[in-house]
Amino acid sequence: MEDVGRAALERALERHDLIVHYQPIHDARTRSITAAEALLRQQRASGEIREAGVIAAAAERTSHLFALGSWMMRTAIADAAAWQRNAPGVTLNVNVSARELLEADVVSRVTDLMAGARIDPRRFAVEITETFYIPEPEVAAAPLRELRASGIGIWLDDFGTRHSALTYLQHFPATGIKIPAEFVATLPNDRRCRSITCALIELAHDLGLQVVAEGIEREEQVDFLLEHDCDAMQGFLLGRPMSADELAQAVDGC
Ligand code: G
Ligand code: MN
């Protein structure tokens, strides 16, 4: 499995068939677009566009992660420089894995790219994906504090799954958390997911953090989340991942 992913990644890098799409994040109450998350996609020779989960997961295990992460960041920032002209209030969110945070010079890479593209750092955010356990969150907190000090937002992605720990909330200067789609999927009927979701929202708000719920597919999920004061929402019901040009049209005037 690992080799299949790695081969697919190397082939995609050679063929330059990776592209970046953007999925909007909406204010829970007004449903206006407040941010857009950059997502990796693969465009086949046939023109078909696919999710690139296997490729992204393979990158995570190899040194290609840094080249791929850099390319995503550069592409997304260049695209955002264009669509933010129509919508200066809409933030660009880019996923950064904990490994990149610890091993690559993310801070200077991000700040250089943003200065070059003239993006307002308050309109840029990183989503930290916890694909492995961060043994010393105090160490990872240092580059995050630098990013935060320049105005950049910091979101803890898929919070409460995989390796995320409450110590991250203790140490990281976060803007907010993203509630993973797996908790949202069975709302409002599943008792456990209801409890987990409500507890996460309450905890985040008590810490002065914002909350985005992911994977919204049905209105009844929106109703439940609104009732429990969730700040923002993302999911196929509200907006699918789209090209930079499509996003520019969707955000026009936001
Ligand atoms: O958690 P993370 O940000 O890595 O997840 C993003 C992925 O989830 C993207 O590949 C995106 O296409 C997918 N996604 C986004 N919204 C929805 C949704 O409402 N339903 C489902 N099934 N997948 C979604
Ligand atoms: Mn994300």
# chains A, B, ... in the order shown; residues from 1 in each chain; ligands from 1
call {"tool": "residues_near_ligand", "arguments": {"ligand": "ligand 2", "cutoff": "6 Å", "atoms": "only C-alpha atoms and all ligand atoms", "output": "ChimeraX atom specification"}}
result
/A:95,127,157
call {"tool": "write_last_selection", "arguments": {"atoms": "N, CA, C and O atoms", "output": "compact mmCIF listing (two decimals), in the first residue's frame"}}
result
# COMPACT_ATOMS: atom_id res chain seq x y z
N ASN A 95 -3.40 23.71 4.60
CA ASN A 95 -3.06 22.63 5.54
C ASN A 95 -1.56 22.49 5.68
O ASN A 95 -0.83 22.47 4.68
N GLU A 127 -3.93 25.31 8.79
CA GLU A 127 -4.67 24.28 9.52
C GLU A 127 -3.65 23.21 9.85
O GLU A 127 -3.06 22.60 8.95
N ASP A 157 -6.86 21.12 13.02
CA ASP A 157 -7.72 20.41 12.07
C ASP A 157 -8.14 19.06 12.64
O ASP A 157 -7.37 18.44 13.37
call {"tool": "residues_near_ligand", "arguments": {"ligand": "ligand 1", "cutoff": "8 Å", "atoms": "only C-alpha atoms and all ligand atoms", "output": "tab-separated table (two decimals) with N, CA and C atoms, in the first residue's frame"}}
result
chain	number	residue	atom	x	y	z
A	23	GLN	N	-12.25	24.86	-1.03
A	23	GLN	CA	-13.60	24.64	-0.50
A	23	GLN	C	-13.96	25.77	0.45
A	37	GLU	N	-10.54	26.76	2.04
A	37	GLU	CA	-9.44	25.83	2.34
A	37	GLU	C	-8.86	25.25	1.06
A	39	LEU	N	-7.18	22.55	-1.13
A	39	LEU	CA	-7.17	21.08	-1.08
A	39	LEU	C	-6.47	20.53	-2.33
A	40	LEU	N	-5.68	19.50	-2.12
A	40	LEU	CA	-4.94	18.90	-3.24
A	40	LEU	C	-5.87	18.04	-4.09
A	51	GLU	N	-9.92	13.32	-5.96
A	51	GLU	CA	-9.29	13.60	-4.67
A	51	GLU	C	-7.90	12.98	-4.69
A	52	ALA	N	-6.99	13.51	-3.91
A	52	ALA	CA	-5.62	13.00	-3.96
A	52	ALA	C	-5.17	12.54	-2.58
A	53	GLY	N	-6.10	11.88	-1.87
A	53	GLY	CA	-5.82	11.45	-0.50
A	53	GLY	C	-4.65	10.48	-0.39
A	95	ASN	N	-3.40	23.71	4.60
A	95	ASN	CA	-3.06	22.63	5.54
A	95	ASN	C	-1.56	22.49	5.68
A	129	THR	N	-2.57	19.73	10.75
A	129	THR	CA	-3.10	18.36	10.70
A	129	THR	C	-2.18	17.46	11.51
A	157	ASP	N	-6.86	21.12	13.02
A	157	ASP	CA	-7.72	20.41	12.07
A	157	ASP	C	-8.14	19.06	12.64
A	158	ASP	N	-9.35	18.62	12.28
A	158	ASP	CA	-9.82	17.29	12.71
A	158	ASP	C	-9.60	17.10	14.20
A	180	PRO	N	-14.13	17.45	13.25
A	180	PRO	CA	-14.04	16.55	12.10
A	180	PRO	C	-15.40	16.04	11.61
A	181	ALA	N	-15.44	15.76	10.32
A	181	ALA	CA	-16.68	15.29	9.68
A	181	ALA	C	-17.18	14.01	10.35
A	214	GLU	N	-16.92	20.56	10.11
A	214	GLU	CA	-16.64	20.07	8.75
A	214	GLU	C	-17.63	18.99	8.32
A	215	GLY	N	-17.73	18.79	7.01
A	215	GLY	CA	-18.52	17.68	6.48
A	215	GLY	C	-20.02	17.87	6.58
A	216	ILE	N	-20.49	19.13	6.46
A	216	ILE	CA	-21.94	19.40	6.54
A	216	ILE	C	-22.61	18.96	5.24
A	217	GLU	N	-23.55	18.03	5.36
A	217	GLU	CA	-24.24	17.54	4.16
A	217	GLU	C	-25.76	17.71	4.23
A	234	GLN	N	-18.48	24.01	7.01
A	234	GLN	CA	-17.86	23.66	5.73
A	234	GLN	C	-18.44	22.30	5.33
A	235	GLY	N	-18.78	22.15	4.07
A	235	GLY	CA	-19.31	20.85	3.65
A	235	GLY	C	-20.03	20.96	2.32
A	236	PHE	N	-20.30	19.77	1.74
A	236	PHE	CA	-20.88	19.72	0.41
A	236	PHE	C	-22.22	20.45	0.33
A	237	LEU	N	-22.99	20.46	1.44
A	237	LEU	CA	-24.29	21.15	1.41
A	237	LEU	C	-24.10	22.64	1.10
A	239	GLY	N	-20.95	24.19	0.03
A	239	GLY	CA	-20.06	24.47	-1.10
A	239	GLY	C	-19.05	23.36	-1.30
A	240	ARG	N	-18.93	22.88	-2.52
A	240	ARG	CA	-17.95	21.83	-2.83
A	240	ARG	C	-16.61	22.47	-3.13
A	241	PRO	N	-15.52	21.70	-3.06
A	241	PRO	CA	-14.23	22.23	-3.50
A	241	PRO	C	-14.33	22.65	-4.97
call {"tool": "closest_residue", "arguments": {"among": "A:Ala45, A:Ala76, A:Val90, A:Ala57", "to": "A:His26", "atoms": "only C-alpha atoms"}}
result
A:Val90
call {"tool": "residues_around", "arguments": {"residues": "A:Pro188", "least_positions_apart": "2", "cutoff": "8 Å", "atoms": "only C-alpha atoms", "output": "list in words"}}
result
Thr186, Asp190, Arg191, Cys193, Arg194, Glu220, Gln221 and Phe224 of chain A
call {"tool": "write_last_selection", "arguments": {"atoms": "all heavy atoms", "output": "compact mmCIF listing (two decimals), in the first residue's frame"}}
result
# COMPACT_ATOMS: atom_id res chain seq x y z
N THR A 186 -23.17 11.94 11.90
CA THR A 186 -24.38 11.32 12.44
C THR A 186 -25.22 12.27 13.29
O THR A 186 -26.15 11.84 13.97
CB THR A 186 -24.01 10.08 13.29
OG1 THR A 186 -23.03 10.49 14.24
CG2 THR A 186 -23.47 8.96 12.43
N ASP A 190 -27.16 10.78 16.68
CA ASP A 190 -26.25 9.97 17.49
C ASP A 190 -25.89 10.66 18.79
O ASP A 190 -25.33 11.75 18.81
CB ASP A 190 -24.99 9.69 16.67
CG ASP A 190 -24.08 8.73 17.37
OD1 ASP A 190 -23.36 9.15 18.30
OD2 ASP A 190 -24.08 7.55 17.00
N ARG A 191 -26.22 9.99 19.89
CA ARG A 191 -26.05 10.60 21.21
C ARG A 191 -24.59 10.92 21.51
O ARG A 191 -24.25 11.96 22.06
CB ARG A 191 -26.61 9.62 22.25
CG ARG A 191 -27.03 10.28 23.52
CD ARG A 191 -27.08 9.29 24.68
NE ARG A 191 -26.82 9.93 25.95
CZ ARG A 191 -25.68 10.51 26.31
NH1 ARG A 191 -24.66 10.54 25.50
NH2 ARG A 191 -25.55 11.06 27.49
N CYS A 193 -22.07 11.45 19.41
CA CYS A 193 -21.54 12.55 18.59
C CYS A 193 -22.12 13.88 19.02
O CYS A 193 -21.46 14.91 18.96
CB CYS A 193 -21.78 12.27 17.10
SG CYS A 193 -20.70 10.95 16.52
N ARG A 194 -23.37 13.83 19.49
CA ARG A 194 -23.95 15.08 20.03
C ARG A 194 -23.14 15.57 21.22
O ARG A 194 -22.77 16.74 21.30
CB ARG A 194 -25.39 14.81 20.50
CG ARG A 194 -26.43 14.94 19.44
CD ARG A 194 -27.81 15.27 20.03
NE ARG A 194 -28.20 14.49 21.17
CZ ARG A 194 -28.90 13.35 21.14
NH1 ARG A 194 -29.28 12.86 19.96
NH2 ARG A 194 -29.21 12.71 22.24
N GLU A 220 -30.33 19.45 8.75
CA GLU A 220 -30.54 19.15 10.19
C GLU A 220 -29.23 19.25 10.97
O GLU A 220 -29.22 19.55 12.16
CB GLU A 220 -31.22 17.79 10.38
CG GLU A 220 -30.47 16.64 9.78
CD GLU A 220 -31.17 15.30 10.00
OE1 GLU A 220 -32.27 15.27 10.58
OE2 GLU A 220 -30.58 14.27 9.59
N GLN A 221 -28.10 19.04 10.28
CA GLN A 221 -26.80 19.24 10.95
C GLN A 221 -26.58 20.73 11.20
O GLN A 221 -26.12 21.15 12.26
CB GLN A 221 -25.66 18.69 10.08
CG GLN A 221 -25.72 17.18 9.89
CD GLN A 221 -24.77 16.70 8.79
OE1 GLN A 221 -24.68 17.31 7.72
NE2 GLN A 221 -24.08 15.61 9.05
N PHE A 224 -28.72 21.85 14.18
CA PHE A 224 -28.16 21.43 15.47
C PHE A 224 -26.94 22.28 15.83
O PHE A 224 -26.81 22.76 16.95
CB PHE A 224 -27.76 19.94 15.39
CG PHE A 224 -27.13 19.44 16.65
CD1 PHE A 224 -27.92 18.97 17.70
CD2 PHE A 224 -25.76 19.47 16.83
CE1 PHE A 224 -27.34 18.53 18.89
CE2 PHE A 224 -25.17 19.04 18.01
CZ PHE A 224 -25.97 18.57 19.05
call {"tool": "residues_around", "arguments": {"residues": "A:Ala140", "least_positions_apart": "5", "cutoff": "8 Å", "atoms": "only C-alpha atoms", "output": "PyMOL selection string"}}
result
chain A and resi 98+101-102+134+172
call {"tool": "select_by_dssp", "arguments": {"residues": "stretch 211-251 of chain A", "states": "strand (DSSP E)", "output": "VMD selection string"}}
result
chain A and resid 211 to 213 232 to 233
call {"tool": "closest_residue", "arguments": {"among": "A:Arg123, A:Arg109, A:Arg11, A:Arg41", "to": "A:Ile152", "atoms": "only C-alpha atoms"}}
result
A:Arg123
call {"tool": "residues_around", "arguments": {"residues": "A:Ala104", "least_positions_apart": "3", "cutoff": "10 Å", "atoms": "only C-alpha atoms", "output": "PyMOL selection string"}}
result
chain A and resi 65-66+69-70+98-101+107-109
call {"tool": "write_last_selection", "arguments": {"atoms": "all heavy atoms", "output": "CSV table (one decimal), in the first residue's frame"}}
result
chain,number,residue,atom,x,y,z
A,65,LEU,N,7.1,15.4,1.0
A,65,LEU,CA,6.2,16.2,1.8
A,65,LEU,C,6.6,17.7,1.7
A,65,LEU,O,5.8,18.6,1.5
A,65,LEU,CB,6.2,15.8,3.2
A,65,LEU,CG,5.3,16.7,4.2
A,65,LEU,CD1,3.8,16.6,3.8
A,65,LEU,CD2,5.5,16.3,5.6
A,66,PHE,N,7.9,18.0,1.8
A,66,PHE,CA,8.3,19.4,1.9
A,66,PHE,C,8.2,20.1,0.5
A,66,PHE,O,7.8,21.2,0.4
A,66,PHE,CB,9.7,19.4,2.4
A,66,PHE,CG,9.9,18.7,3.7
A,66,PHE,CD1,10.6,17.6,3.9
A,66,PHE,CD2,9.1,19.1,4.8
A,66,PHE,CE1,10.7,16.9,5.1
A,66,PHE,CE2,9.1,18.5,6.0
A,66,PHE,CZ,9.9,17.3,6.2
A,69,GLY,N,4.4,20.4,0.0
A,69,GLY,CA,3.8,21.4,0.9
A,69,GLY,C,4.2,22.8,0.4
A,69,GLY,O,3.4,23.7,0.4
A,70,SER,N,5.4,23.0,-0.1
A,70,SER,CA,5.9,24.3,-0.6
A,70,SER,C,5.1,24.6,-1.8
A,70,SER,O,4.7,25.8,-2.0
A,70,SER,CB,7.3,24.1,-1.1
A,70,SER,OG,8.2,24.5,-0.1
A,98,ALA,N,2.0,18.5,10.9
A,98,ALA,CA,2.8,18.7,12.1
A,98,ALA,C,4.3,18.5,11.8
A,98,ALA,O,5.2,19.1,12.3
A,98,ALA,CB,2.4,17.9,13.3
A,99,ARG,N,4.5,17.5,10.9
A,99,ARG,CA,5.9,17.2,10.5
A,99,ARG,C,6.6,18.4,9.8
A,99,ARG,O,7.7,18.6,10.0
A,99,ARG,CB,5.9,16.0,9.5
A,99,ARG,CG,7.0,15.1,9.7
A,99,ARG,CD,7.0,14.0,8.7
A,99,ARG,NE,8.2,14.0,8.0
A,99,ARG,CZ,8.4,13.5,6.7
A,99,ARG,NH1,7.3,13.0,6.1
A,99,ARG,NH2,9.5,13.6,6.1
A,100,GLU,N,5.8,19.1,8.9
A,100,GLU,CA,6.4,20.2,8.3
A,100,GLU,C,6.7,21.3,9.3
A,100,GLU,O,7.7,22.0,9.1
A,100,GLU,CB,5.4,20.8,7.3
A,100,GLU,CG,5.3,20.1,5.9
A,100,GLU,CD,4.3,20.8,5.1
A,100,GLU,OE1,3.1,20.5,5.3
A,100,GLU,OE2,4.6,21.6,4.2
A,101,LEU,N,5.9,21.4,10.2
A,101,LEU,CA,6.0,22.5,11.2
A,101,LEU,C,7.3,22.2,12.0
A,101,LEU,O,8.0,23.2,12.3
A,101,LEU,CB,4.8,22.4,12.2
A,101,LEU,CG,4.6,23.5,13.1
A,101,LEU,CD1,4.2,24.7,12.2
A,101,LEU,CD2,3.5,23.2,14.0
A,107,VAL,N,8.0,29.0,8.9
A,107,VAL,CA,7.7,30.4,9.2
A,107,VAL,C,8.3,31.3,8.1
A,107,VAL,O,7.6,32.1,7.6
A,107,VAL,CB,8.3,30.8,10.6
A,107,VAL,CG1,8.1,32.3,10.8
A,107,VAL,CG2,7.6,29.9,11.7
A,108,SER,N,9.6,31.1,7.8
A,108,SER,CA,10.2,32.0,6.8
A,108,SER,C,9.6,31.8,5.4
A,108,SER,O,9.4,32.7,4.6
A,108,SER,CB,11.7,31.9,6.8
A,108,SER,OG,12.1,30.6,6.4
A,109,ARG,N,9.2,30.5,5.1
A,109,ARG,CA,8.6,30.2,3.8
A,109,ARG,C,7.3,30.9,3.7
A,109,ARG,O,7.0,31.6,2.7
A,109,ARG,CB,8.4,28.7,3.7
A,109,ARG,CG,8.0,28.2,2.4
A,109,ARG,CD,7.1,27.0,2.4
A,109,ARG,NE,7.8,25.8,2.9
A,109,ARG,CZ,7.2,24.7,3.3
A,109,ARG,NH1,5.9,24.6,3.2
A,109,ARG,NH2,7.9,23.6,3.6
call {"tool": "atom_distance", "arguments": {"atom1": "atom CA of A:Pro135", "atom2": "atom CA of A:Leu156"}}
result
16.1 Å
call {"tool": "residues_around", "arguments": {"residues": "A:Leu9", "least_positions_apart": "3", "cutoff": "7 Å", "atoms": "only C-alpha atoms", "output": "count of residues only"}}
result
7
call {"tool": "closest_residue", "arguments": {"among": "A:Ile25, A:Arg15, A:Gln84, A:Arg61", "to": "A:Ala244", "atoms": "only C-alpha atoms"}}
result
A:Gln84
call {"tool": "closest_residue", "arguments": {"among": "A:Tyr168, A:Gly89, A:Phe124, A:Arg192", "to": "A:Ser32", "atoms": "only C-alpha atoms"}}
result
A:Gly89
